[in-house]
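Shown next: my_file36.txt, given as compact mmCIF, C-alpha atoms.
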```
# COMPACT_ATOMS: atom_id res chain seq x y z
CA MET O 1 16.22 -5.39 2.24
CA ALA O 2 15.57 -6.61 5.76
CA LEU O 3 12.90 -4.70 7.65
CA GLU O 4 12.19 -5.34 11.34
CA LYS O 5 8.97 -3.93 12.76
CA ILE O 6 8.86 -1.99 16.01
CA LEU O 7 5.90 -0.84 18.08
CA PHE O 8 6.19 2.34 20.13
CA GLY O 9 4.10 2.96 23.22
CA THR O 10 3.62 6.61 24.14
CA TYR O 11 2.10 9.16 26.43
CA THR O 12 -0.80 11.04 24.84
CA ARG O 13 -0.43 14.25 26.84
CA ARG O 14 0.63 16.60 24.03
CA VAL O 15 0.65 15.38 20.44
CA SER O 16 0.64 11.58 20.40
CA LYS O 17 -2.50 9.64 19.49
CA GLY O 18 -1.52 6.20 20.81
CA ILE O 19 0.54 3.26 19.54
CA TYR O 20 2.85 3.76 16.57
CA GLU O 21 4.76 1.38 14.33
CA ALA O 22 7.94 1.85 12.31
CA ALA O 23 10.42 -0.40 10.54
CA LEU O 24 14.16 -0.71 11.11
CA ASN O 25 16.08 -1.18 7.88
CA THR O 26 18.97 -3.38 9.00
CA GLU O 27 21.00 -2.57 5.89
CA THR O 28 20.95 1.21 6.29
CA GLY O 29 20.61 1.18 10.08
CA GLU O 30 17.72 3.61 9.89
CA LEU O 31 14.04 3.69 10.83
CA GLN O 32 11.34 4.36 8.25
CA ASP O 33 7.58 4.34 7.62
CA ALA O 34 6.22 5.61 10.94
CA LYS O 35 2.46 5.23 11.29
CA LEU O 36 -0.25 5.24 13.94
CA VAL O 37 -1.68 1.74 14.45
CA ALA O 38 -4.04 2.23 17.41
CA GLU O 39 -5.61 5.17 19.22
CA VAL O 40 -5.24 4.39 22.93
CA GLY O 41 -4.97 6.73 25.92
CA SER O 42 -1.31 6.95 27.04
CA PRO O 43 -0.26 3.38 26.12
CA THR O 44 3.05 3.74 27.94
CA TYR O 45 3.82 0.03 28.03
CA LEU O 46 3.01 -2.79 25.63
CA ALA O 47 3.31 -6.57 25.47
CA LEU O 48 2.51 -8.79 22.49
CA SER O 49 1.48 -12.41 22.97
CA LYS O 50 2.39 -15.23 20.63
CA ALA O 51 -1.26 -15.27 19.59
CA ASN O 52 -0.78 -11.71 18.29
CA THR O 53 -2.86 -10.13 21.02
CA LEU O 54 -1.46 -6.76 22.04
CA TYR O 55 -1.83 -5.72 25.67
CA ALA O 56 -1.35 -2.00 26.29
CA VAL O 57 -1.55 0.29 29.28
CA ASP O 58 -4.74 2.32 28.83
CA LYS O 59 -6.15 5.57 30.19
CA ASN O 60 -9.71 6.72 29.62
CA GLY O 61 -10.84 9.81 31.53
CA ASP O 62 -10.40 9.21 35.27
CA GLN O 63 -9.93 5.47 34.75
CA GLY O 64 -6.79 3.48 34.08
CA GLY O 65 -6.14 -0.10 33.12
CA LEU O 66 -5.40 -2.26 30.11
CA ALA O 67 -6.47 -2.30 26.48
CA VAL O 68 -6.63 -5.62 24.65
CA LEU O 69 -6.10 -5.38 20.89
CA ASN O 70 -6.15 -7.98 18.15
CA PHE O 71 -2.94 -7.33 16.22
CA ALA O 72 -3.53 -9.50 13.17
CA ASP O 73 -2.58 -8.37 9.66
CA ASP O 74 -0.55 -5.44 10.99
CA THR O 75 -3.64 -3.62 12.24
CA ALA O 76 -4.70 -3.23 15.85
CA THR O 77 -8.38 -3.67 16.71
CA LEU O 78 -9.59 -2.97 20.24
CA THR O 79 -11.44 -5.99 21.67
CA GLN O 80 -11.56 -5.25 25.42
CA GLU O 81 -10.79 -2.56 27.98
CA VAL O 82 -10.14 -3.50 31.62
CA LEU O 83 -10.47 -0.21 33.48
CA ALA O 84 -10.79 0.91 37.10
CA GLU O 85 -10.85 4.24 38.90
CA GLY O 86 -7.42 5.81 39.32
CA ALA O 87 -4.05 5.67 37.66
CA SER O 88 -2.99 3.37 34.84
CA PRO O 89 -0.48 0.53 35.35
CA ALA O 90 3.21 1.04 34.62
CA TYR O 91 4.12 -2.42 33.32
CA VAL O 92 2.51 -5.42 31.66
CA ALA O 93 3.98 -8.87 30.93
CA VAL O 94 2.63 -12.05 29.32
CA ASP O 95 3.14 -15.54 30.78
CA GLU O 96 2.74 -17.81 27.74
CA ALA O 97 3.10 -21.12 29.61
CA ARG O 98 0.26 -20.42 32.06
CA GLN O 99 -1.64 -18.03 29.76
CA LEU O 100 -1.57 -15.30 32.39
CA LEU O 101 -0.88 -11.59 32.25
CA TYR O 102 0.80 -9.57 35.01
CA SER O 103 0.18 -5.87 35.49
CA GLY O 104 2.05 -3.64 37.95
CA ASN O 105 0.57 -0.32 39.10
CA TYR O 106 3.07 2.33 40.19
CA HIS O 107 0.57 4.68 41.85
CA LYS O 108 -1.50 2.00 43.58
CA GLY O 109 1.43 -0.24 44.54
CA THR O 110 -0.32 -3.35 43.25
CA LEU O 111 0.37 -6.43 41.17
CA GLU O 112 -2.62 -7.83 39.32
CA VAL O 113 -2.85 -11.23 37.62
CA PHE O 114 -5.25 -11.95 34.77
CA ALA O 115 -6.16 -15.18 33.02
CA ILE O 116 -5.94 -14.95 29.23
CA ALA O 117 -8.89 -16.57 27.46
CA ALA O 118 -8.68 -18.25 24.07
CA ASP O 119 -9.80 -15.01 22.39
CA GLY O 120 -7.14 -13.02 24.28
CA SER O 121 -9.55 -11.40 26.73
CA LEU O 122 -8.61 -10.91 30.38
CA THR O 123 -10.20 -11.95 33.68
CA LEU O 124 -8.69 -10.95 37.04
CA THR O 125 -7.50 -13.96 39.06
CA ASP O 126 -5.53 -12.37 41.92
CA SER O 127 -3.98 -9.15 43.17
CA PHE O 128 -1.31 -8.21 45.69
CA GLN O 129 -1.06 -4.93 47.57
CA SER O 130 2.55 -4.08 48.29
CA GLU O 131 3.45 -2.00 51.33
CA GLY O 132 6.35 0.16 52.42
CA SER O 133 8.18 3.42 51.86
CA GLY O 134 11.67 4.83 51.53
CA PRO O 135 13.70 7.93 52.45
CA ARG O 136 13.45 9.83 49.17
CA PRO O 137 10.59 12.23 48.32
CA GLU O 138 9.32 9.85 45.60
CA GLN O 139 9.10 6.99 48.12
CA GLY O 140 6.13 8.01 50.25
CA SER O 141 4.39 4.72 49.54
CA SER O 142 4.70 1.52 47.54
CA HIS O 143 5.33 2.02 43.82
CA VAL O 144 5.36 -1.19 41.77
CA HIS O 145 7.28 -0.40 38.58
CA TRP O 146 8.10 -3.79 37.03
CA ASN O 147 6.84 -7.36 37.09
CA ASN O 148 7.89 -10.32 35.00
CA LEU O 149 8.88 -13.95 35.01
CA THR O 150 12.03 -15.24 36.67
CA PRO O 151 14.13 -17.94 34.94
CA ASP O 152 12.36 -20.61 37.03
CA ASN O 153 8.87 -19.30 36.21
CA ARG O 154 8.21 -17.42 39.38
CA VAL O 155 7.21 -13.76 39.17
CA ALA O 156 9.48 -10.99 40.42
CA VAL O 157 8.03 -7.59 41.32
CA VAL O 158 10.12 -4.44 41.70
CA ASP O 159 8.79 -1.89 44.21
CA LEU O 160 10.50 1.49 43.74
CA GLY O 161 8.69 3.10 46.68
CA ALA O 162 9.55 0.42 49.22
CA ASP O 163 13.10 -0.40 48.01
CA LYS O 164 12.11 -4.05 47.54
CA VAL O 165 12.06 -6.91 45.06
CA LEU O 166 9.31 -9.44 45.80
CA THR O 167 9.30 -12.99 44.45
CA PHE O 168 6.07 -14.96 44.05
CA ASP O 169 5.10 -18.48 43.20
CA VAL O 170 2.17 -18.49 40.76
CA SER O 171 -0.33 -21.31 40.36
CA ASP O 172 -1.73 -22.35 36.99
CA ALA O 173 -4.97 -20.69 38.10
CA GLY O 174 -3.18 -17.38 38.56
CA LYS O 175 -2.95 -17.27 42.35
CA LEU O 176 0.06 -15.62 44.01
CA THR O 177 2.16 -16.83 46.95
CA LEU O 178 4.93 -14.57 48.25
CA VAL O 179 8.13 -16.63 48.73
CA ALA O 180 10.95 -14.09 49.12
CA THR O 181 11.61 -10.38 49.72
CA TYR O 182 14.87 -8.64 48.83
CA GLU O 183 15.56 -5.22 50.32
CA THR O 184 17.90 -2.81 48.54
CA GLU O 185 19.94 -0.11 50.19
CA ALA O 186 17.57 2.63 51.41
CA GLY O 187 16.79 5.12 48.65
CA PHE O 188 18.03 2.87 45.82
CA GLY O 189 14.63 3.24 44.18
CA PRO O 190 14.63 0.04 42.11
CA ARG O 191 12.80 0.27 38.78
CA HIS O 192 13.54 -2.62 36.38
CA LEU O 193 15.19 -6.05 36.64
CA ARG O 194 16.79 -8.39 34.10
CA PHE O 195 18.30 -11.87 34.43
CA SER O 196 21.43 -13.41 32.98
CA PRO O 197 20.83 -15.99 30.22
CA ASP O 198 21.77 -18.85 32.57
CA GLY O 199 19.37 -17.58 35.26
CA GLN O 200 22.06 -17.37 37.92
CA TYR O 201 22.29 -13.59 38.21
CA ALA O 202 20.02 -10.56 38.07
CA TYR O 203 20.74 -6.93 37.25
CA LEU O 204 18.63 -4.40 39.15
CA LEU O 205 18.44 -0.79 37.98
CA GLY O 206 17.89 1.94 40.57
CA GLU O 207 15.91 4.85 39.16
CA LEU O 208 16.30 7.18 42.14
CA SER O 209 19.94 6.33 42.90
CA SER O 210 21.18 6.11 39.29
CA GLN O 211 22.84 2.84 40.23
CA LEU O 212 23.00 -0.71 38.93
CA SER O 213 23.17 -3.67 41.29
CA VAL O 214 24.29 -7.20 40.46
CA LEU O 215 22.41 -9.87 42.43
CA LYS O 216 22.71 -13.63 42.75
CA TYR O 217 19.38 -15.31 42.08
CA ASN O 218 18.92 -18.24 44.44
CA ALA O 219 16.94 -21.47 44.07
CA ASP O 220 14.42 -20.41 46.74
CA GLY O 221 13.54 -17.22 44.87
CA SER O 222 15.65 -14.94 47.03
CA PHE O 223 18.38 -12.56 45.89
CA THR O 224 21.86 -11.91 47.31
CA HIS O 225 23.62 -8.59 46.69
CA LEU O 226 27.02 -8.81 44.96
CA GLN O 227 27.90 -5.36 43.56
CA THR O 228 26.55 -1.85 42.96
CA VAL O 229 27.93 0.63 40.40
CA ALA O 230 26.89 4.08 39.16
CA THR O 231 25.07 4.54 35.86
CA ILE O 232 26.13 8.21 35.50
CA PRO O 233 29.51 9.98 35.70
CA ALA O 234 30.72 10.92 39.19
CA ASP O 235 30.71 14.62 38.28
CA TRP O 236 27.08 14.68 37.07
CA THR O 237 25.20 16.87 39.58
CA GLU O 238 21.92 17.60 37.77
CA HIS O 239 18.82 15.45 38.07
CA ASN O 240 18.91 11.95 36.62
CA GLY O 241 16.65 8.93 36.71
CA GLY O 242 17.58 5.43 35.61
CA ALA O 243 14.90 4.00 33.32
CA ALA O 244 15.30 0.83 31.26
CA ILE O 245 17.76 -2.05 31.40
CA TYR O 246 18.46 -4.83 28.89
CA LEU O 247 21.13 -7.47 28.29
CA SER O 248 22.68 -8.59 25.05
CA ASN O 249 21.54 -12.05 23.98
CA ASP O 250 24.87 -13.57 25.01
CA GLY O 251 24.66 -11.97 28.45
CA LYS O 252 28.03 -10.27 28.03
CA PHE O 253 26.80 -6.67 28.11
CA VAL O 254 24.25 -4.68 30.10
CA TYR O 255 22.63 -1.48 28.77
CA THR O 256 20.75 1.12 30.82
CA SER O 257 19.13 4.46 29.96
CA ASN O 258 19.59 7.72 31.87
CA ARG O 259 16.85 10.36 31.90
CA GLY O 260 18.57 13.66 32.66
CA HIS O 261 22.08 12.68 31.64
CA ASN O 262 20.25 11.60 28.46
CA SER O 263 22.52 8.71 27.68
CA ILE O 264 22.78 4.97 27.27
CA ALA O 265 25.27 3.47 29.71
CA VAL O 266 27.08 0.31 28.62
CA PHE O 267 28.55 -2.26 31.01
CA ALA O 268 30.67 -5.31 30.31
CA VAL O 269 29.67 -8.39 32.31
CA LYS O 270 32.54 -10.04 34.20
CA ASP O 271 33.06 -13.13 36.36
CA ASN O 272 30.56 -15.23 34.39
CA GLY O 273 27.80 -12.80 35.33
CA ALA O 274 28.72 -11.93 38.91
CA SER O 275 29.98 -8.39 38.25
CA VAL O 276 29.91 -5.56 35.73
CA ALA O 277 32.32 -2.83 34.59
CA HIS O 278 31.27 0.42 32.92
CA ILE O 279 32.69 0.87 29.40
CA GLN O 280 30.69 3.61 27.62
CA TRP O 281 28.21 6.47 27.81
CA ILE O 282 26.64 7.65 24.56
CA SER O 283 24.16 10.49 24.07
CA THR O 284 20.58 9.62 23.17
CA GLU O 285 20.47 12.77 21.00
CA GLY O 286 17.29 13.90 22.77
CA ASP O 287 15.68 14.42 26.16
CA PHE O 288 14.33 11.88 28.66
CA PRO O 289 15.01 8.44 27.19
CA ARG O 290 12.78 5.93 28.91
CA ASP O 291 12.64 2.60 27.15
CA PHE O 292 14.94 1.29 24.45
CA ALA O 293 15.43 -2.12 22.85
CA LEU O 294 17.99 -4.31 21.17
CA ASN O 295 16.80 -5.79 17.90
CA PRO O 296 16.46 -9.60 17.74
CA ASP O 297 20.04 -10.34 16.64
CA GLY O 298 21.52 -7.62 18.81
CA ALA O 299 23.12 -5.67 15.98
CA PHE O 300 21.15 -2.49 16.74
CA LEU O 301 19.84 -0.58 19.73
CA VAL O 302 16.84 1.75 19.38
CA ALA O 303 16.20 4.40 22.06
CA ALA O 304 13.16 6.68 22.41
CA ASN O 305 13.30 10.21 23.82
CA GLN O 306 9.96 11.11 25.39
CA ASN O 307 10.30 14.89 25.73
CA THR O 308 11.83 15.60 22.32
CA ASP O 309 9.62 13.18 20.33
CA ASN O 310 12.59 11.55 18.61
CA VAL O 311 14.02 8.06 18.34
CA THR O 312 17.73 7.28 17.97
CA VAL O 313 19.34 4.21 16.39
CA TYR O 314 22.80 2.79 17.19
CA ARG O 315 24.83 0.03 15.67
CA ARG O 316 26.18 -2.35 18.31
CA ASP O 317 29.57 -4.04 18.19
CA ALA O 318 28.95 -7.63 19.28
CA VAL O 319 32.56 -8.06 20.43
CA THR O 320 33.14 -4.85 22.39
CA GLY O 321 29.50 -4.14 23.24
CA GLU O 322 29.96 -0.49 22.31
CA LEU O 323 27.44 1.63 20.43
CA THR O 324 27.90 4.01 17.50
CA LEU O 325 25.26 6.46 16.30
CA SER O 326 23.42 5.38 13.16
CA GLN O 327 20.37 7.67 13.06
CA LYS O 328 18.85 10.46 15.13
CA ASP O 329 15.76 12.66 14.96
CA PHE O 330 13.36 10.00 13.69
CA GLU O 331 10.01 11.32 14.85
CA ILE O 332 7.74 9.35 17.17
CA PRO O 333 5.70 11.59 19.51
CA GLU O 334 6.02 11.21 23.30
CA SER O 335 7.57 7.76 22.86
CA VAL O 336 8.10 5.60 25.95
CA ARG O 337 8.11 1.91 25.00
CA VAL O 338 10.18 0.28 22.23
CA LEU O 339 9.04 -3.23 21.26
CA PHE O 340 10.41 -5.28 18.36
CA ILE O 341 7.68 -7.59 17.07
```
If you convert what's in this file into structure tokens, what do you get?
Amino acid sequence: MALEKILFGTYTRRVSKGIYEAALNTETGELQDAKLVAEVGSPTYLALSKANTLYAVDKNGDQGGLAVLNFADDTATLTQEVLAEGASPAYVAVDEARQLLYSGNYHKGTLEVFAIAADGSLTLTDSFQSEGSGPRPEQGSSHVHWNNLTPDNRVAVVDLGADKVLTFDVSDAGKLTLVATYETEAGFGPRHLRFSPDGQYAYLLGELSSQLSVLKYNADGSFTHLQTVATIPADWTEHNGGAAIYLSNDGKFVYTSNRGHNSIAVFAVKDNGASVAHIQWISTEGDFPRDFALNPDGAFLVAANQNTDNVTVYRRDAVTGELTLSQKDFEIPESVRVLFI
């Protein structure tokens, strides 16, 4: 029996206590053995380093920041908290080559860079304050929602509030240099970004517009717009917010989650990466799916519904890219982040 472990990051507003773990049985296509592994305040996003240090968004009273946990032997032990007044970050990513960690704060509109010490602990090396706004009510100021490495080891930062994607060079010492700024259509509200396996293209998900844009990623760190498509049906008139986006390992399919329409949207990649075509919507069998994840070999997709405290599993057809329901109503409270480990 093949079991693949998953960590779930959550909000702790109602019933959740922190970070949970479960196992996906790849024979039955079902999750099992849910358990709490760490009590952390609203650990909405998680990243695990190769040294088995777990970095989680953390909230403690009126302070927000990051929790550092030693995740050896399947138990999580808190070793450090990096907290400051105000809201918690929205995203955290590990840079293994430079031993840096990047943290994006939605409410503050900042990107912070930390050096990772040998014991996994963090020291701030640089920060960037993004600026700007957009036409929608949610865009009164900068809102950094995503930050991660580009294929050429720069760092891209997605600013939902300012309708921008910023590209930075990063020194080995963790210092940032802004090299390019891409501006979306006004009100696009970009949230998350993913790159094609060959690094030539990027797929940008608009939370506020419920749209997906295909971009060319250029050698100088800039982006060129190629295509924009809807992530929801044309006749959907109720509220929706795009949330997470992932690609299949072969780069042939793009998956996005819809909060409101409560679905996973599936797109086939065309023109060697330069365009996409919608092929499926499938219900998440719950309300407000934020993050989801493909398992390592891409045979399954696991989606978490925050408001209904349930996780849904799909089998994925590697040829067609389409999803079929395998399990619903697996309980994880207030789940936000889905991370195969």
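For region 312-314 of chain O, the list of residues within 7 Å, based on only C-alpha atoms and with local chain neighbours fewer than 6 positions off taken out, reads Glu30, Thr284, Glu285, Phe300, Leu301, Val302, Ala303, Ala304, Leu323, Thr324, Leu325, Ser326, Gln327, Lys328, Asp329 and Phe330 of chain O.
Interatomic distance, CA of Ser222 (chain O) against CA of Leu178 (chain O): 10.8 Å.
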Skip region 96-102 of chain O itself and residues of its chain fewer than 4 positions away, then list as a list in words all residues within 7 Å of it, counting only C-alpha atoms. Val92, Leu111, Glu112, Val113, Phe114, Ala115, Ile116, Asn147, Asp172 and Gly174 of chain O
Could you give me, as a ChimeraX atom specification, the residues that sit within 10 Å of (30.3, -11.1, 29.1) in the file's coordinates, counting all atoms listed in the file? /O:196,247-248,250-254,267-276,319-321
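Of the listed residues (O:Val57, O:Leu208, O:Ile19, O:Ala202), O:Ala202 comes nearest to Leu226 (chain O); the distances count all atoms listed in the file.
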What's the 7 Å shell around Val229 (chain O), counting all atoms listed in the file, without same-chain residues fewer than 3 positions away, as a list in words? Gln211, Leu212 and Ser213 of chain O
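CA of Asn70 (chain O) is found 10.1 Å from CA of Ser49 (chain O).
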Selection: 10 Å around Arg259 (chain O), all atoms listed in the file, excl. self and same-chain fewer than 4 positions, as a PDB file with C-alpha atoms, in the coordinates of the input:
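What landed in around30.pdb:
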```
ATOM      1  CA  GLU O 207      15.910   4.850  39.160  1.00  0.00           C
ATOM      2  CA  SER O 210      21.180   6.110  39.290  1.00  0.00           C
ATOM      3  CA  HIS O 239      18.820  15.450  38.070  1.00  0.00           C
ATOM      4  CA  ASN O 240      18.910  11.950  36.620  1.00  0.00           C
ATOM      5  CA  GLY O 241      16.650   8.930  36.710  1.00  0.00           C
ATOM      6  CA  GLY O 242      17.580   5.430  35.610  1.00  0.00           C
ATOM      7  CA  ALA O 243      14.900   4.000  33.320  1.00  0.00           C
ATOM      8  CA  ALA O 244      15.300   0.830  31.260  1.00  0.00           C
ATOM      9  CA  SER O 263      22.520   8.710  27.680  1.00  0.00           C
ATOM     10  CA  ILE O 264      22.780   4.970  27.270  1.00  0.00           C
ATOM     11  CA  THR O 284      20.580   9.620  23.170  1.00  0.00           C
ATOM     12  CA  GLY O 286      17.290  13.900  22.770  1.00  0.00           C
ATOM     13  CA  ASP O 287      15.680  14.420  26.160  1.00  0.00           C
ATOM     14  CA  PHE O 288      14.330  11.880  28.660  1.00  0.00           C
ATOM     15  CA  PRO O 289      15.010   8.440  27.190  1.00  0.00           C
ATOM     16  CA  ARG O 290      12.780   5.930  28.910  1.00  0.00           C
ATOM     17  CA  ASN O 305      13.300  10.210  23.820  1.00  0.00           C
ATOM     18  CA  GLN O 306       9.960  11.110  25.390  1.00  0.00           C
TER      19      GLN O 306
END
```
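The shortest atom-to-atom distance to Asp62 (chain O), with only C-alpha atoms taken into account, belongs to O:Ala84 out of O:Ala230, O:Ala84, O:Ala118, O:Val338.
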Non-local contacts of Asp220 (chain O) (12 Å; only C-alpha atoms; under 2 positions in same chain excluded) as a VMD selection string: chain O and resid 150 152 to 154 167 to 169 178 to 182 216 to 218 222 to 224
Expressed in Å to a single decimal, how great is the separation between CA of Gln129 (chain O) and CA of Gly65 (chain O)? 16.1 Å
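Of the residues under consideration (O:His278, O:Glu322, O:Leu160, O:Thr75), O:Glu322 shows the shortest atom-to-atom contact distance to Ala299 (chain O) when counting all atoms listed in the file.
Distances here use all atoms listed in the file; by that measure, the residue among O:Gly221, O:Gly206, O:Gly132, O:Gly41 closest to Thr184 (chain O) is O:Gly206.
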Point out the residue among O:Met1, O:Ala56, O:Phe292, O:Glu331 with the least atom-to-atom distance to Gly29 (chain O), counting only C-alpha atoms. O:Met1
Some atoms are missing, so please complete region 170-189 of chain O with N, CA and C atoms and return it as a PDB file, keeping the file's coordinate frame.
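Just written: result.pdb:
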```pdb
ATOM      1  N   VAL O 170       3.449 -18.727  41.421  1.00  0.00           N
ATOM      2  CA  VAL O 170       2.170 -18.490  40.760  1.00  0.00           C
ATOM      3  C   VAL O 170       1.577 -19.835  40.365  1.00  0.00           C
ATOM      4  N   SER O 171       0.336 -20.063  40.746  1.00  0.00           N
ATOM      5  CA  SER O 171      -0.330 -21.310  40.360  1.00  0.00           C
ATOM      6  C   SER O 171      -0.830 -21.204  38.928  1.00  0.00           C
ATOM      7  N   ASP O 172      -1.179 -22.342  38.350  1.00  0.00           N
ATOM      8  CA  ASP O 172      -1.730 -22.350  36.990  1.00  0.00           C
ATOM      9  C   ASP O 172      -3.030 -21.559  36.912  1.00  0.00           C
ATOM     10  N   ALA O 173      -3.707 -21.432  38.051  1.00  0.00           N
ATOM     11  CA  ALA O 173      -4.970 -20.690  38.100  1.00  0.00           C
ATOM     12  C   ALA O 173      -4.746 -19.192  38.312  1.00  0.00           C
ATOM     13  N   GLY O 174      -3.475 -18.797  38.425  1.00  0.00           N
ATOM     14  CA  GLY O 174      -3.180 -17.380  38.560  1.00  0.00           C
ATOM     15  C   GLY O 174      -3.247 -16.852  39.973  1.00  0.00           C
ATOM     16  N   LYS O 175      -2.964 -17.696  40.954  1.00  0.00           N
ATOM     17  CA  LYS O 175      -2.950 -17.270  42.350  1.00  0.00           C
ATOM     18  C   LYS O 175      -1.495 -17.078  42.814  1.00  0.00           C
ATOM     19  N   LEU O 176      -1.276 -16.008  43.583  1.00  0.00           N
ATOM     20  CA  LEU O 176       0.060 -15.620  44.010  1.00  0.00           C
ATOM     21  C   LEU O 176       0.379 -16.097  45.419  1.00  0.00           C
ATOM     22  N   THR O 177       1.652 -16.511  45.616  1.00  0.00           N
ATOM     23  CA  THR O 177       2.160 -16.830  46.950  1.00  0.00           C
ATOM     24  C   THR O 177       3.526 -16.180  47.103  1.00  0.00           C
ATOM     25  N   LEU O 178       3.660 -15.245  48.037  1.00  0.00           N
ATOM     26  CA  LEU O 178       4.930 -14.570  48.250  1.00  0.00           C
ATOM     27  C   LEU O 178       5.944 -15.538  48.862  1.00  0.00           C
ATOM     28  N   VAL O 179       7.126 -15.672  48.225  1.00  0.00           N
ATOM     29  CA  VAL O 179       8.130 -16.630  48.730  1.00  0.00           C
ATOM     30  C   VAL O 179       9.425 -15.967  49.176  1.00  0.00           C
ATOM     31  N   ALA O 180       9.696 -14.740  48.728  1.00  0.00           N
ATOM     32  CA  ALA O 180      10.950 -14.090  49.120  1.00  0.00           C
ATOM     33  C   ALA O 180      10.830 -12.579  48.954  1.00  0.00           C
ATOM     34  N   THR O 181      11.544 -11.841  49.815  1.00  0.00           N
ATOM     35  CA  THR O 181      11.610 -10.380  49.720  1.00  0.00           C
ATOM     36  C   THR O 181      13.054  -9.944  49.829  1.00  0.00           C
ATOM     37  N   TYR O 182      13.518  -9.203  48.819  1.00  0.00           N
ATOM     38  CA  TYR O 182      14.870  -8.640  48.830  1.00  0.00           C
ATOM     39  C   TYR O 182      14.764  -7.143  49.081  1.00  0.00           C
ATOM     40  N   GLU O 183      15.560  -6.639  50.018  1.00  0.00           N
ATOM     41  CA  GLU O 183      15.560  -5.220  50.320  1.00  0.00           C
ATOM     42  C   GLU O 183      16.858  -4.591  49.830  1.00  0.00           C
ATOM     43  N   THR O 184      16.722  -3.533  49.031  1.00  0.00           N
ATOM     44  CA  THR O 184      17.900  -2.810  48.540  1.00  0.00           C
ATOM     45  C   THR O 184      18.406  -1.865  49.627  1.00  0.00           C
ATOM     46  N   GLU O 185      19.513  -1.219  49.346  1.00  0.00           N
ATOM     47  CA  GLU O 185      19.940  -0.110  50.190  1.00  0.00           C
ATOM     48  C   GLU O 185      18.848   0.953  50.174  1.00  0.00           C
ATOM     49  N   ALA O 186      18.623   1.625  51.314  1.00  0.00           N
ATOM     50  CA  ALA O 186      17.570   2.630  51.410  1.00  0.00           C
ATOM     51  C   ALA O 186      17.772   3.740  50.386  1.00  0.00           C
ATOM     52  N   GLY O 187      16.715   4.062  49.631  1.00  0.00           N
ATOM     53  CA  GLY O 187      16.790   5.120  48.650  1.00  0.00           C
ATOM     54  C   GLY O 187      17.308   4.683  47.290  1.00  0.00           C
ATOM     55  N   PHE O 188      17.564   3.391  47.127  1.00  0.00           N
ATOM     56  CA  PHE O 188      18.030   2.870  45.820  1.00  0.00           C
ATOM     57  C   PHE O 188      16.978   3.124  44.746  1.00  0.00           C
ATOM     58  N   GLY O 189      15.709   2.980  45.132  1.00  0.00           N
ATOM     59  CA  GLY O 189      14.630   3.240  44.180  1.00  0.00           C
ATOM     60  C   GLY O 189      14.626   2.307  42.995  1.00  0.00           C
TER      61      GLY O 189
END
```
